[in-house]
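Comments concern the structure below.
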Amino acid sequence: MTTTLATPYSIESLLGEEAEDLLTYKAKVAKDLLHLPGPDFVDRVWINSDRNPQVLRNLQTLYSTGRLADTGYLSILPVDQGIEHSAGASFAPNPIYFDPENIIRLAIAAGCNAVATTLGVLGAVSRKYAHKIPFIVKLNHNELLTYPNQFDQIMFASVEQAWNLGAVAVGATIYFGSENSTRQIQEVSLAFKRAHELGMVTILWCYLRNSAFKQDQDYHLAADLTGQANHLGVTIEADIIKQKLPENNNGYAAVAQATGKSYGKTDKRVYTDLTTDHPIDLTRYQILNCYCGRAGLINSGGASGKNDFAEAVRTAVINKRAGGTGLISGRKTFQRPFEEGVQLFHAIQDVYLSEAVTIA
């Protein structure tokens with residue numbers, strides 16, 4: 001059962017001084033170019049694709065669950081941090097989440113569309129919950145126990161295991177730009193092909209990873225580089241793209257200047273005609289690279305901190321107004337008391353339910 005808690009603050013008050021700018025800004029690239037979220041998204045966008053009826057059914061299941069059901073938007077709880085950041089670092093702030101059942105309980109109580117987590121977590125409780133909330137099995141992970149620590153996404157689970165425990169979707173991460181990205185692209189492409197054959201939706205965490213991307217700013221968050229990662233993701237038929245919210249741009253030039261070597265290819269019109277430094281424009285460029293929104297863009301909520309409610313609502317407003325599909329928020333929600341985690345999810349979802357927050 002979904003728990004209903006009153007959101008303690010309005011969207012405007014949480015946005016603070018940015019409220020007017022974020023809620024009234026007109027994007028540089030017209031929204032008419034995009035395939036925007038809506039109740040008919042699967043029928044309007046996916047019906048003519050090569051996805052089989054089982055994939056379409058499961059995609060519709062994702063869009064028809066929770067508080068955002070039948071809006072075209074997604075609110076997902078992801079908990080793979082037990083591997084990605086270690087269980088101690090992730091769950092010590094709130095030890096109840098060492099028990100995987102509480103992860104599922106939080107997603108249900110918060111009215112999420114789905115829960116995305118590990119094979120072990122979902123397998124431990126699948127008979128009790130697989131029919132109550134859509135499961136997304138995260139197939140690969142980066143573990144930090146090997147010494148020295150390495151950064152490589154390796155397969156922890158098979159597509160067949162995800163199917164057997166009742167998952168409607170699989171997820172995977174590729175560290176685009178890393179020395180292991182070529183192998184990861186090939187592995188994930190094959191896994192997504194098999195998932196589609198079995199009728200499951202595919203979700204790709206399109207993350208950048210290379211020390212060269214850290215210069216005067218962290219260009220792991222550059223719109224041009226993350227946009228290209230998204231484009232590679234939809235190329236291997238990810239149905240939904242997960243990406244970090246962009247914070248800057250012109251990563252290609254920054255890397256080339258810092259290394260003294262040519263890097264990649266771009267076009268000056270990306271920076272003059274398609275983007276500005278406004279976060280809505282930067283995020284819209286990410287969506288353009290998701291086949292103009294045919295593959296929905298969900299932005300990540302980021303690490304937990306002092307201003308989680310304000311940061312989460314800000315990210316949701318930017319994502320929605322840019323034409324995105326929703327938010328996937330983990331540590332901000334499960335690293336706080338259960339009821340507060342539910343409340344934070346509701347604050348995010350209220351952005352997508354609000355008619356006052358329009359597409360820019």
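Letters A, B, ... mark the chains of the structure tokens in the order given; residue numbers begin at 1 per chain; ligand numbers begin at 1, in order shown.
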Considering only C-alpha atoms, tabulate each residue of segment 211-266 of chain A that lies at most 10 Å from segment 157-174 of chain A along with its nearest interatomic pair and the corresponding distance in Å to one decimal; arrange the rows by chain and ascending residue number and present them as JSON lines.
```
{"residue": "A:Ala229", "atom": "CA", "partner": "A:Ile174", "partner_atom": "CA", "distance": 9.0}
{"residue": "A:Leu232", "atom": "CA", "partner": "A:Ile174", "partner_atom": "CA", "distance": 10.0}
{"residue": "A:Gly233", "atom": "CA", "partner": "A:Ile174", "partner_atom": "CA", "distance": 8.6}
{"residue": "A:Ala238", "atom": "CA", "partner": "A:Gly171", "partner_atom": "CA", "distance": 9.0}
{"residue": "A:Asp239", "atom": "CA", "partner": "A:Ala169", "partner_atom": "CA", "distance": 9.8}
{"residue": "A:Ile240", "atom": "CA", "partner": "A:Gly171", "partner_atom": "CA", "distance": 9.3}
{"residue": "A:Ile241", "atom": "CA", "partner": "A:Gly171", "partner_atom": "CA", "distance": 9.7}
{"residue": "A:Lys242", "atom": "CA", "partner": "A:Thr173", "partner_atom": "CA", "distance": 9.0}
```
### Message
Set the distance at 10 Å and use only C-alpha atoms: which residues neighbour segment 76-85 of chain A once local chain neighbours fewer than 6 positions away are removed? I'd like the list as an NGL selection string.
### Response
:A and (62 or 66 or 91 or 97-98 or 100 or 103-104 or 106-108 or 110-119 or 121 or 134 or 136-145 or 151 or 153 or 298 or 300-301 or 326-331 or 333-334 or 345)
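Among A:Pro148, A:Gly296, A:Gly264, A:Gly72, the residue with the shortest atom-to-atom distance to Gln60 of chain A, counting only C-alpha atoms, is A:Gly72.
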### Task
Please provide the set of residues having any atom within 10 Å of Asp350 of chain A, restricted to only C-alpha atoms, with same-chain residues fewer than 6 positions apart removed, written as a list in words.
Thr7, Ser10, Ile11, Arg67, Leu68, Val313, Ala316, Leu344 and Val357 of chain A
Let me see the file: selected residues, N, CA, C and O atoms, as an mmCIF file, in the first residue's frame.
```cif
data_model
loop_
_atom_site.group_PDB
_atom_site.id
_atom_site.type_symbol
_atom_site.label_atom_id
_atom_site.label_comp_id
_atom_site.auth_asym_id
_atom_site.auth_seq_id
_atom_site.Cartn_x
_atom_site.Cartn_y
_atom_site.Cartn_z
ATOM 1 N N THR A 7 3.538 16.768 1.788
ATOM 2 C CA THR A 7 4.812 17.390 1.495
ATOM 3 C C THR A 7 4.905 18.681 2.297
ATOM 4 O O THR A 7 4.020 19.526 2.201
ATOM 5 N N SER A 10 6.318 23.809 -0.459
ATOM 6 C CA SER A 10 5.866 23.952 -1.830
ATOM 7 C C SER A 10 7.058 23.829 -2.770
ATOM 8 O O SER A 10 8.218 23.984 -2.362
ATOM 9 N N ILE A 11 6.769 23.563 -4.035
ATOM 10 C CA ILE A 11 7.826 23.487 -5.032
ATOM 11 C C ILE A 11 8.582 24.804 -5.098
ATOM 12 O O ILE A 11 9.817 24.842 -5.128
ATOM 13 N N ARG A 67 2.296 6.274 -7.848
ATOM 14 C CA ARG A 67 1.637 7.581 -7.831
ATOM 15 C C ARG A 67 1.663 8.258 -9.194
ATOM 16 O O ARG A 67 0.812 9.093 -9.503
ATOM 17 N N LEU A 68 2.657 7.944 -10.024
ATOM 18 C CA LEU A 68 2.765 8.564 -11.343
ATOM 19 C C LEU A 68 2.143 7.704 -12.443
ATOM 20 O O LEU A 68 2.353 7.964 -13.629
ATOM 21 N N VAL A 313 13.975 18.208 -5.665
ATOM 22 C CA VAL A 313 12.910 18.924 -6.370
ATOM 23 C C VAL A 313 13.498 19.762 -7.503
ATOM 24 O O VAL A 313 12.926 19.822 -8.599
ATOM 25 N N ALA A 316 14.187 17.422 -10.344
ATOM 26 C CA ALA A 316 12.933 16.996 -10.973
ATOM 27 C C ALA A 316 12.358 18.090 -11.853
ATOM 28 O O ALA A 316 11.873 17.825 -12.966
ATOM 29 N N LEU A 344 10.255 12.289 0.770
ATOM 30 C CA LEU A 344 11.097 12.856 -0.285
ATOM 31 C C LEU A 344 10.654 12.369 -1.660
ATOM 32 O O LEU A 344 10.605 13.141 -2.624
ATOM 33 N N VAL A 357 4.050 22.956 -13.359
ATOM 34 C CA VAL A 357 5.397 22.725 -13.879
ATOM 35 C C VAL A 357 5.254 22.198 -15.296
ATOM 36 O O VAL A 357 4.925 21.035 -15.504
#
```
### Query
Can you tell me, as a PyMOL selection string, what residues are no more than 12 Å from Asn52 of chain A when counting only C-alpha atoms, ignoring any on the same chain fewer than 4 positions away?
chain A and resi 46-48+56-59+193+195-201
Create the file for the chosen residues now, containing N, CA and C atoms and written as a JSON list (two decimals), in the first residue's frame.
```json
[["chain", "number", "residue", "atom", "x", "y", "z"],
["A", 46, "TRP", "N", 6.44, 3.82, -29.03],
["A", 46, "TRP", "CA", 7.09, 2.51, -29.14],
["A", 46, "TRP", "C", 6.36, 1.51, -30.02],
["A", 47, "ILE", "N", 5.12, 1.79, -30.39],
["A", 47, "ILE", "CA", 4.30, 0.79, -31.05],
["A", 47, "ILE", "C", 4.86, 0.34, -32.40],
["A", 48, "ASN", "N", 5.60, 1.23, -33.08],
["A", 48, "ASN", "CA", 6.14, 0.88, -34.40],
["A", 48, "ASN", "C", 7.60, 0.42, -34.35],
["A", 56, "LEU", "N", 6.60, -4.42, -24.82],
["A", 56, "LEU", "CA", 5.63, -3.33, -24.74],
["A", 56, "LEU", "C", 4.74, -3.47, -23.51],
["A", 57, "ARG", "N", 4.33, -4.69, -23.21],
["A", 57, "ARG", "CA", 3.50, -4.91, -22.03],
["A", 57, "ARG", "C", 4.25, -4.52, -20.77],
["A", 58, "ASN", "N", 5.52, -4.93, -20.66],
["A", 58, "ASN", "CA", 6.29, -4.62, -19.46],
["A", 58, "ASN", "C", 6.65, -3.14, -19.38],
["A", 59, "LEU", "N", 6.86, -2.51, -20.53],
["A", 59, "LEU", "CA", 7.10, -1.07, -20.53],
["A", 59, "LEU", "C", 5.86, -0.34, -20.02],
["A", 193, "LYS", "N", 19.96, -7.45, -25.91],
["A", 193, "LYS", "CA", 19.35, -8.24, -26.99],
["A", 193, "LYS", "C", 18.60, -9.43, -26.39],
["A", 195, "ALA", "N", 17.52, -9.74, -23.28],
["A", 195, "ALA", "CA", 16.41, -9.25, -22.47],
["A", 195, "ALA", "C", 15.19, -8.95, -23.33],
["A", 196, "HIS", "N", 15.39, -8.32, -24.46],
["A", 196, "HIS", "CA", 14.28, -8.02, -25.37],
["A", 196, "HIS", "C", 13.65, -9.31, -25.90],
["A", 197, "GLU", "N", 14.48, -10.31, -26.18],
["A", 197, "GLU", "CA", 13.94, -11.59, -26.63],
["A", 197, "GLU", "C", 13.02, -12.20, -25.58],
["A", 198, "LEU", "N", 13.34, -12.00, -24.30],
["A", 198, "LEU", "CA", 12.54, -12.56, -23.22],
["A", 198, "LEU", "C", 11.42, -11.62, -22.77],
["A", 199, "GLY", "N", 11.32, -10.47, -23.42],
["A", 199, "GLY", "CA", 10.21, -9.56, -23.13],
["A", 199, "GLY", "C", 10.48, -8.52, -22.07],
["A", 200, "MET", "N", 11.73, -8.33, -21.69],
["A", 200, "MET", "CA", 12.05, -7.37, -20.63],
["A", 200, "MET", "C", 12.53, -6.03, -21.19],
["A", 201, "VAL", "N", 12.21, -4.98, -20.46],
["A", 201, "VAL", "CA", 12.64, -3.62, -20.78],
["A", 201, "VAL", "C", 14.12, -3.46, -20.44]]
```
### Task
Determine which residues of segment 86-169 of chain A receive a DSSP assignment of strand (DSSP E or B), computed from the backbone, and state them as a VMD selection string.
chain A and resid 114 to 117 135 to 138 140 to 141 154 to 155 169
### Message
Just to confirm, what's the straight-line distance from atom CA of Asp281 of chain A to atom CA of Asp43 of chain A in Å (one decimal)?
### Response
27.4 Å
